[in-house]
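Have a look at the structure below before the remarks.
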Amino acid sequence: MSLPLEIIKKKRAEAINRIIGRGFLSTKRVYVGMATCEIAAGSKEVMNAFREAIQTGLTDVYLTQKGCAGRCNLEPTVEIVEEGKIPIKYGRVTREKVREIVERHLKKGEVIEEWVIK
Amino acid sequence: MNAMNTLPKYIVTLCDGPTCMHQRSKTLKAVIEEELKKRGLYETTSLVLSGCLGMCNKSPIVIVNPGYTIYGGVSPEDIPEIVEEHLVKGKPVARLAIEEDYLYNRFYRVFGDVAFFGQQMRIALRNCGIMDPESLDDYLSLRGYEALAKVLTDMSPAQVISEVKKSGLRGRGGAGFLTGLKWENTARQKSDEKFVICNADEGDPGAFMDRSTIEGDPHTVIEGMIIGGYAIGAHRGFVYIRAEYPLAIRRLRKAIDEARREGLLGTTILDSAFSFDIEIKLGAGAFVCGEETALIHSIEGRRGMPRPRPPYPSQKGLWGRPTLINNVETWANIPVIVLDGADWFTTIGTEKSKGTKVFALAGNVQNTGLVEVPMGTTLREIIYDIGGGIPDNKKFKAVQTGGPSGGCLPEQYLDTRVDYESLQAAGSIMGSGGMIVMDEGVCMVNIAKFFLEFTQNESCGKCTPCREGTKRMLEILQRITKGEGIEGDIEKLERLGTMISKASLCGLGQSAPNPVLSTLRHFRAEYEEHIKNKRCPAGTCVDLLSYTITDGCVGCGLCRKKCPVGAISGEPKQRHVIDQAACINCGQCYAACKFNAIQKS
Amino acid sequence: MKQMITIYVNDKAYQVESGQTIMQATDGIGFRIPRLCYHPKLSIEGACRVCIVEVEGARNYIASCSYPVNDGMRIYTNTVPLRRARRDIVELILDNHPDDCHTCERDGICELQRLAYSMGIRRRHFEGEKKNYEKDLSSISVIRDPNKCILCGRCVRLCSEVQHVNALGYANRGFQTVVMSAYDRPFSESVCTNCGQCINVCPTAAFVEKNYTQELFDKLNDSSVIKIAQVAPSVRAAIGEAFGIPPGQAFEREVAAALKKLGFTYVFDTQFGADLTIMEEASEFLERIQGNGVLPMVTSCSSAWMKYVEQFYPDLLPNVSTCKSPMSMLSAMAKTYFAEKIKIDPAKICVAAIMCCTAKKYEAARPELMVNGLPATDIVVTTREIAWMIRSAGIDFLHIEGEDFDAPLGLSSGAGAIFGVTGGVMEAAIRTAYELYTGETLIDIEVNAIRGFQGIKEGKVLMDGKEIRVAVVHGLGHVYQILDMVRNEPGRFHFIEIMGCPGGCIGGGGQPYAGSNSVPLDEEVLQKRAQALYGLDRERTFRRSHENPHVQKLYKEFLGRPLSSLSHKLLHTHYTPKEPRGIITREQTA
């Protein structure tokens with residue numbers, strides 16, 4: 001019988017493998033805020049827009065939901081994390097903004113600075 | 001921070017926490033700036049001073065992002081090397097880098113560069129915003145349930161309690177009782193059964209710390225509760241959460257199911273001898289059910305009414321059994337204390353208030369949101385440095401801490417440190433973490449009335465002072481704001497308020513008069529102005545306003561058309577008049593006039 | 001072994017037992033901290049905050065009813081700020097209470113009035129909005145007036161803790177908090193058993209009995225009707241208290257005299273009905289133990305208990321004796337046997353029952369108790385109501401010359417008298433059943449095992465070598481225990497007496513209010529009332545129901561024998577299960 005600490009370490013390794021299996025090692029990871037407050041501000045639409053982008057050909061992106069980071073008046077928020085780069089946090093994201101974020105940032109690597117939370 | 005027009009290539013974060021060496025980091029900052037300018041990197045590097053980073057024993061701390069390289073014990077002499085090697089050549093300096101993997105760090109890898117977040121310290125909210133709350137895998141990858149495993153592997157219940165005691169953690173629900181002591185008291189009781197409860201009955205208007213925690217990181221609460229159950233010898237836990245938090249409930253339910261499926265909850269957790277399971281109990285949303293004895297009654301299926309203590313829930317709680325009841329934020333701190341250690345935890349905060357506190361910053365402040373800061377941070381730092389100050393160039397008037405029954409503190413209290421004792425001394429309370437900022441346009445009498453209305457409505461109706469007394473206070477305030485205040489009203493408010501706070505059965509009643517008593521203490525003149533001169537200095541008490549038309553009137557007639565009660569008369573191109581008897585003070589004319597010819601007083 | 005500790009009250013040291021509350025400890029050393037919601041028989045509520053004291057080191061005032069004493073504790077009971085806070089609390093209660101003391105039923109015997117007086121409230125500081133609810137007049141027995149309710153919660157706790165009926169609860173919040181029946185259904189549709197104990201514990205007039213004194217005065221002044229009174233045993237044991245006499249003195253002949261002065265044509269005695277009940281009930285019991293019927297048999301005299309069993313234990317209705325209560329038996333005899341005797345149309349007879357009980361009002365209205373299409377009992381008034389009528393009619397009760405009850409329904413045995421106290425029905429039944437079964441006279445007739453105020457009492461009687469196991473229960477709160485035993489172990493008992501009120505009828509919901517030196521449901525007062533009835537029993541020439549010559553005559557002239565077909569028609573009844581009402585079922589809401 002294994003000790004709890006050994007079991008949990010094994011579980012963690014398995015969990016990480018599963019996350020990687022879901023595409024975590026993609027070049028860009030996109031986090032969409034999906035707490036009640038974010039949803040009220042329209043994040044479901046934002047999430048759907050990213051999903052549609054992936055369905056229609058956007059690749060090398062790991063899309064996931066996240067809890068509320070607490071920046072209420074700038075919701076919905078979206079983070080784009082790329083290894084070796086400073087994570088980019090977009091505020092007040094809309095379906096329309098997602099289209100541009102996909103085209104400019106995710107596909108071309110251009111940060112849309114005027115929407116970035118600083 | 002240097003003004004940046006473009007996104008920085010690197011972010012250099014300097015710890016400027018209250019327990020860190022204040023001076024040295026300031027000196028370091030100057031040295032770094034100097035060096036950056038010298039190397040021509042000043043424009044592409046962001047230099048951030050942060051709140052306490054909890055690595056005080058290795059201070060001063062410098063963090064370079066991206067990559068989250070932590071440099072500890074940095075001296076001014078080390079700076080040129082860091083700049084040259086890391087910022088120019090992109091190679092972290094191994095000699096100075098330290099391996100500090102605290103649980104809260106991950107949040108800063110993502111958010112540390114934004115001032116709003118950088119000045120905070122996220123312990124309870126460490127995972128909120130950086131992981132998928134519906135994924136146990138995500139939580140596990142962030143060392144989730146490792147604290148539980150550690151406890152089950154290496155620690156006896158007594159050791160767990162001793163660690164929590166040593167951490168100095170105090171109840172985050174408001175009263176600030178020492179959590180470890182509560183655990184110890186509950187553990188000491190002999191009983192056939194014991195229970196653990198998570199109080200997620202977040203009832204303060206405008207507060208959403210608990211909801212966010214559960215929605216963003218439900219497993220943390222579960223893990224904390226299991227550890228609590230292990231420490232006191234309980235096998236059943238309840239999360240009492242209000243039914244109007246459907247998403248939080250759904251995520252919590254999912255988390256419980258997943259934890260059970262993975263053997264992290266239920267019988268023989270992680271193949272140990274310990275079993276513990278959690279049920280969710282939905283509350284109907286009564287504010288008073290946040291009071292522990294009322295909450296327990298509600299879980300038992302009875303009316304949520306508090307009962308006198310002692311006996312405390314630790315002695316006789318749910319179904320008469322010893323019960324450990326802690327609030328969401330308290331539970332969320334537990335895994336951190338276990339993994340990162342009480343010794344580390346005690347480096348954060350003040351002497352008597354350890355760790356951090358989450359606030360829901362709201363009201364007339366630039367950046368509204370969830371703020372978690374080390375205890376001892378000043379109100380000014382929260383409102384101005386994190387909150388970005390008051391919008392629209394208005395003046396700060398007061399800040400209310402502690403939810404509807406907290407006190408309102410004026411400008412001279414802005415340097416009050418947020419910890420249990422300091423806030424109490426200033427005439428307010430920590431409460432569960434509401435923080436409402438008010439600017440000069442807010443009438444303090446009106447705000448006191450607003451909060452009292454809330455507590456009166458939410459009074460359970462059991463004890464006389466709270467049920468009857470707050471009603472009478474409210475009636476007096478209603479009179480005052482209508483211009484019907486009379487001599488002696490202030491004294492009556494004080495007399496009732498003092499009695500209610502000293503004689504009420506539970507915390508709700510005891511703190512209900514706080515908004516009135518604190519505003520009487522700090523804004524007495526405003527009350528007197530209402531009573532004696534029938535004037536509302538802030539211009540918000542509708543019944544005390546009067547609108548008059550000045551010489552600036554050109555007789556355009558717009559105000560006459562806008563007036564819903566026909567109180568304005570006048571010939572075209574001549575000065576109009578408002579019939580004061582007919583006027584209902586709605587302010588439509590004031591808003592409509594294009595010539596600023598209507599005066600509000 | 002109790003540990004003694006030292007506490008300081010107003011700076012003076014006292015030795016008290018540990019483990020007590022501040023109130024208990026100070027009560028024992030000559031203090032009486034003002035109080036309101038506290039009641040010694042009920043759980044601690046801590047709601048009114050009248051009993052607050054100052055304790056050194058405590059930030060807030062401490063409710064003395066709930067806070068335990070500890071060694072070295074320094075308590076202050078009368079500081080100036082504390083007195084003011086206490087006064088203000090009571091004023092706050094008054095400020096939300098109708099200012100109608102002069103016209104209130106409880107004027108002069110109201111706990112709130114007494115308290116306000118002793119707090120020295122001579123003017124008001126905090127007047128404002130008052131609550132405004134409709135009175136609930138739906139119940140035949142109990143009127144609920146939420147405007148007079150001060151939310152002390154005694155009724156709620158009593159109904160739940162002492163009576164286990166739970167007809168009352170709180171609703172709404174804050175200033176809107178109100179005590180009501182489930183879903184605010186009319187009280188008549190609630191699970192209320194009409195026991196009236198809420199009236200007894202209420203400090204104000206938020207609960208009072210439905211008053212029938214005007215109807216009775218109207219009848220008494222109607223020359224076209226024959227006015228018959230009957231008086232329950234417990235009325236005579238307590239009515240003196242309503243005239244300021246300390247508890248414990250029986251006023252038997254005085255009551256008869258006062259009723260005659262009030263204008264009754266005949267004054268009969270419910271105790272005669274009790275003797276008759278014993279004749280029938282003892283016979284029914286003997287039938288049952290000889291194999292004809294369900295055992296154990298349970299008594300059926302208590303009206304509150306009858307509604308309770310119909311609502312909550314309908315499966316046990318076959319166990320309940322079919323005998324009507326003494327009141328209903330006597331009324332039935334008055335409208336048949338007696339009406340024939342005096343050759344009067346029973347429709348012209350008005351039977352008024354003077355009862356210690358509010359539930360008897362409900363019983364009198366039960367359709368199944370009608371006799372030849374007429375209600376057997378026309379009006380029921382309580383001890384309180386009759387005391388008021390006597391006073392109101394200008395009768396000097398304290399100096400009245402006693403008179404006898406009238407024949408042929410006025411003579412009673414000692415067994416009939418003890419009906420009013422818990423265990424009395426059983427004791428009376430044993431006295432008669434023993435003789436009927438064995439043919440021998442029971443010599444030691446005082447059955448001490450089933451006397452006293454324990455919630456559940458058990459006893460055994462040997463009848464011709466056969467062991468008869470009996471149990472006696474009083475207070476509805478204990479009933480579930482015995483009935484669960486009956487369900488699980490039907491053979492454990494043969495005969496069970498159940499009375500709905502604590503102490504039996506002497507503690508009924510219609511008895512005089514507790515005086516200023518006593519608390520409602522005070523066991524000492526109940527003991528004294530019981531002693532008054534036991535005294536009457538001892539003084540009687542006949543102490544066994546079957547020895548009552550008028551009862552014997554009734555059987556000879558009219559009924560024939562116990563359990564005859566005429567007896568069955570007039571003295572027995574049947575029961576129907578009742579849905580626990582006041583609880584809206586899912587089908588009803590759909």
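To be explicit about the labels: the chains of the structure tokens are called A, B, and onward in the order shown, and within each one the residues are counted from 1, while ligands get numbers from 1 in the order they are shown.
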Exercise. Kindly provide, as an MDAnalysis selection string, the residues of chain B having any atom no farther than 7 Å from an atom of chain A, counting only C-alpha atoms.
Key: chainID B and resid 65:67 110 114:115 128:133 137 140:141 146 149:150 152:153 212 215:216 247 270:272 367:370
Quiz item: Which chain C residues are at most 9 Å from chain B (counting only C-alpha atoms), as a VMD selection string?
Solution: chain C and resid 44 to 50 52 59 to 63 66 to 68 81 to 82 84 to 86 88 to 90 92 to 93 95 to 96 125 to 129 150 to 153 169 to 178
